[in-house]
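Report on the following structure.
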Amino acid sequence: MKSWGRFWGRVVLCIGFGCASAAGAHDLTCEKRVNGEAIVVASTFPFVANYSFKVTNIHPTLPSILQSATDSILTSQGFTFTPAPPVSIPLGGSLTSFFPLTIESFSDCMLLAVLDGTDDLNIDNVFTATFDGGAAMCSARVVCERPTPPPGCTQATRTLGFYKAHIPAVEQCLALGPISLGAIGTITTLPGAEGILWGDPAKYPDNTHRSQLDQLRFLLARQTLVATCNQRLFGATPTPPTLITDAVTALSGTNCTTISSLIPQVDGFNNSCDTAAFPPGFQPGPATPQLAKSIAVDPTSPSGESCSP
């Protein structure tokens with residue numbers, strides 16, 4: 001974990017024309033909190049991180065214009081500052097925007113933690129508010145803490161977030177053979193596997209929308225790929241034992257009710273022992289989500305089929 005001295009030195013940064021006089025150097029300052037604190041620990045999941053972003057006008061005599069407001073990680077998760085910039089902040093005034101982020105699992109927490117550029121267990125995303133002549137930056141930290149495995153959890157599993165970030169784990173899974181995903185196809189290559197993990201369930205790579213059937217198939221396919229790797233790499237057994245086979249069978253059909261019902265079941269299996277230790281000898285490799293996303297090639301195409309009654 002980074003030292004608190006290094007962290008606090010990064011929370012408030014002066015950018016622009018120097019820091020000799022706050023009012024002379026900056027028109028705006030910012031303050032970011034998560035669940036009302038500068039630092040919180042996520043040890044149970046799902047974990048809800050309620051972020052707040054406060055931008056204050058510190059100009060001595062004039063209103064200030066907030067030109068833009070972005071977050072290094074949360075913008076990609078759907079965060080937008082409200083009210084939308086550019087917006088004028090009156091003399092002595094401030095604006096506060098809120099954004100709730102639900103972190104579904106410890107693996108998802110780890111994935112967000114490495115997106116800040118450091119492979120650790122701290123989500124240190126930076127909020128940046130720009131104005132004429134400079135910018136204000138502030139941060140809040142979520143520490144990802146591995147929960148205690150539930151009773152009876154002996155065979156490890158990992159979630160979609162883990163496999164999205166760990167290329168070596170996906171490679172080891174593929175080395176054990178092709179992965180059948182029904183009508184989606186058979187996955188044999190790393191780019192194809194990453195394409196399933198990183199693809200957009202709502203759209204194809206050419207930005208056209210998937211049909212309802214194709215959306216549901218994609219959502220089940222990515223969980224089935226993850227479940228297959230959990231079974232291959234860790235010897236994990238779902239309940240019922242036929243769950244993965246049932247999912248592949250459903251992926252070959254057009255019954256949207258069946259496909260939809262299996263998505264949470266397979267996802268539940270993948271989350272069931274997410275905090276258990278890896279079996280001896282397994283090496284997941286480093287977390288490199290940006291690299292994994294960059295090599296992803298979505299192998300899917302429109303099926304031309306519709307949901308059956």
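Starting from 1 in every chain, residues are counted up; chains themselves are A, B, ... following the order of the structure tokens, and ligands are numbered from 1 as listed.
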
For the contact check between region 51-167 of chain A and region 286-294 of chain A, emit one row per residue of region 51-167 of chain A within 8 Å, containing the shortest atom pair and the distance in Å rounded to one decimal, counting only C-alpha atoms, chain then rising number order, as CSV.
residue,atom,partner,partner_atom,distance
A:Leu111,CA,A:Pro289,CA,7.3
A:Val114,CA,A:Ala287,CA,6.9
A:Leu115,CA,A:Pro289,CA,7.2
A:Asp119,CA,A:Ala287,CA,6.7
A:Lys164,CA,A:Pro289,CA,6.2
A:Ala165,CA,A:Pro289,CA,4.1
A:His166,CA,A:Ala287,CA,5.0
A:Ile167,CA,A:Ala292,CA,6.3

May I have all residues of region 163-300 of chain A that DSSP, computed from the backbone, assigns to helix (DSSP H, G or I), given as JSON, numbers by chain?
{"A": [163, 164, 165, 167, 168, 169, 170, 171, 172, 173, 174, 182, 183, 184, 190, 191, 192, 193, 194, 195, 196, 197, 198, 212, 213, 214, 215, 216, 217, 218, 219, 220, 221, 222, 223, 224, 225, 226, 227, 228, 229, 230, 231, 232, 233, 234, 243, 244, 245, 246, 247, 248, 249, 250, 251, 256, 257, 258, 259, 260, 261, 262, 263, 264, 265, 266, 267, 268, 269, 270, 271, 272, 289, 290, 291, 292, 293, 294, 295]}

Could you state the separation of CA of Gln77 (chain A) and CA of Ser301 (chain A) in Å, given to one decimal place?
25.4 Å

For Ala136 (chain A), please output as a short mmCIF file (atom, residue, chain, number, x, y, z; two decimals) with N, CA and C atoms, in the first residue's frame all residues within 6 Å (counting only C-alpha atoms; exclusion window: fewer than 3 positions along the same chain).
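Result file follows (out.cif):
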data_model
loop_
_atom_site.label_atom_id
_atom_site.label_comp_id
_atom_site.auth_asym_id
_atom_site.auth_seq_id
_atom_site.Cartn_x
_atom_site.Cartn_y
_atom_site.Cartn_z
N THR A 29 -11.36 25.60 -6.49
CA THR A 29 -10.76 24.46 -5.79
C THR A 29 -11.79 23.33 -5.81
N THR A 128 -10.80 16.11 -11.89
CA THR A 128 -10.18 17.32 -12.42
C THR A 128 -11.25 18.32 -12.84
N ALA A 129 -11.17 19.52 -12.27
CA ALA A 129 -12.07 20.62 -12.62
C ALA A 129 -11.24 21.71 -13.29
#

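Closest approach to Gln231 (chain A) among A:Leu219, A:Gly192, A:Leu176, A:Ala250: A:Leu176, based on only C-alpha atoms.
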
Give me, as a PyMOL selection string, all polymer residues having an atom no more than 7 Å from region 59-62 of chain A, counting only C-alpha atoms and skipping those fewer than 2 positions away in the same chain.
chain A and resi 23+27+57+64+91

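Residue nearest Pro151 (chain A), chosen from A:Asn50, A:Thr275, A:Pro299, A:Ile187 and counting only C-alpha atoms: A:Thr275.
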
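If you measure from each of A:Ala42, A:Ala296, A:Ile259, A:Leu181 to Val143 (chain A) using only C-alpha atoms, the closest one turns out to be A:Ala42.
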
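What separates CA of Pro238 (chain A) from CA of Phe47 (chain A) is a distance of 24.3 Å.
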
Could you give me, as a PyMOL selection string, each residue of region 84-197 of chain A that DSSP assigns to strand (DSSP E) when run on this structure's backbone?
chain A and resi 87-89+94-103+122-123+126-131+134-139+141-144+179-180+186-187

Report as a list in words all protein, DNA and RNA residues lying within 8 Å of region 66-69 of chain A, evaluated on only C-alpha atoms, omitting residues in the same chain fewer than 3 positions from it.
Leu28, Thr80, Phe81, Pro85, Pro86, Val87, Ser88, Ile89, Phe127, Thr128, Ala129, Thr130, Phe131 and Asp132 of chain A

With region 260-274 of chain A as the partner and 9 Å as the cut-off, tabulate the residues of region 125-225 of chain A that qualify, each row holding the nearest pair of atoms and their distance in Å to one decimal, using only C-alpha atoms, sorted by chain and rising number, as JSON lines.
{"residue": "A:Pro149", "atom": "CA", "partner": "A:Cys273", "partner_atom": "CA", "distance": 6.5}
{"residue": "A:Pro150", "atom": "CA", "partner": "A:Cys273", "partner_atom": "CA", "distance": 7.4}
{"residue": "A:Cys153", "atom": "CA", "partner": "A:Cys273", "partner_atom": "CA", "distance": 5.7}
{"residue": "A:Thr154", "atom": "CA", "partner": "A:Cys273", "partner_atom": "CA", "distance": 7.5}
{"residue": "A:Gln155", "atom": "CA", "partner": "A:Cys273", "partner_atom": "CA", "distance": 6.7}
{"residue": "A:Ala156", "atom": "CA", "partner": "A:Cys273", "partner_atom": "CA", "distance": 5.1}
{"residue": "A:Thr157", "atom": "CA", "partner": "A:Asp274", "partner_atom": "CA", "distance": 4.9}
{"residue": "A:Arg158", "atom": "CA", "partner": "A:Asp274", "partner_atom": "CA", "distance": 4.8}
{"residue": "A:Thr159", "atom": "CA", "partner": "A:Asn270", "partner_atom": "CA", "distance": 5.2}
{"residue": "A:Leu160", "atom": "CA", "partner": "A:Asn270", "partner_atom": "CA", "distance": 7.8}
{"residue": "A:Leu216", "atom": "CA", "partner": "A:Ser260", "partner_atom": "CA", "distance": 6.3}
{"residue": "A:Arg217", "atom": "CA", "partner": "A:Ser260", "partner_atom": "CA", "distance": 8.4}
{"residue": "A:Leu219", "atom": "CA", "partner": "A:Ile263", "partner_atom": "CA", "distance": 6.8}
{"residue": "A:Leu220", "atom": "CA", "partner": "A:Ile263", "partner_atom": "CA", "distance": 5.1}
{"residue": "A:Ala221", "atom": "CA", "partner": "A:Ile263", "partner_atom": "CA", "distance": 8.7}
{"residue": "A:Gln223", "atom": "CA", "partner": "A:Asp267", "partner_atom": "CA", "distance": 5.8}
{"residue": "A:Thr224", "atom": "CA", "partner": "A:Val266", "partner_atom": "CA", "distance": 6.6}

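Every protein or nucleic acid residue with an atom no more than 12 Å from Leu101 (chain A), counting only C-alpha atoms and leaving out same-chain residues fewer than 6 positions away, appears here: Val34, Asn35, Pro46, Phe47, Val48, Ala49, Asn50, Tyr51, Ser52, Ile73, Leu74, Thr75, Ser76, Gln77, Gly78, Phe79, Asp108, Cys109, Leu112 and Val142 of chain A.
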
Just the residues within 9 Å of Gln212 (chain A), please, counting only C-alpha atoms, with nothing from its chain fewer than 5 positions along; format it as a ChimeraX atom specification.
/A:202,217,256,306-307

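Proximity to Phe45 (chain A) was assessed for A:Ala169, A:Ala247, A:Cys144, A:Ile196 counting only C-alpha atoms; the smallest distance is recorded for A:Cys144.
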
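One distance worth recording is that between CA of Thr188 (chain A) and CA of Phe234 (chain A), which is 19.8 Å.
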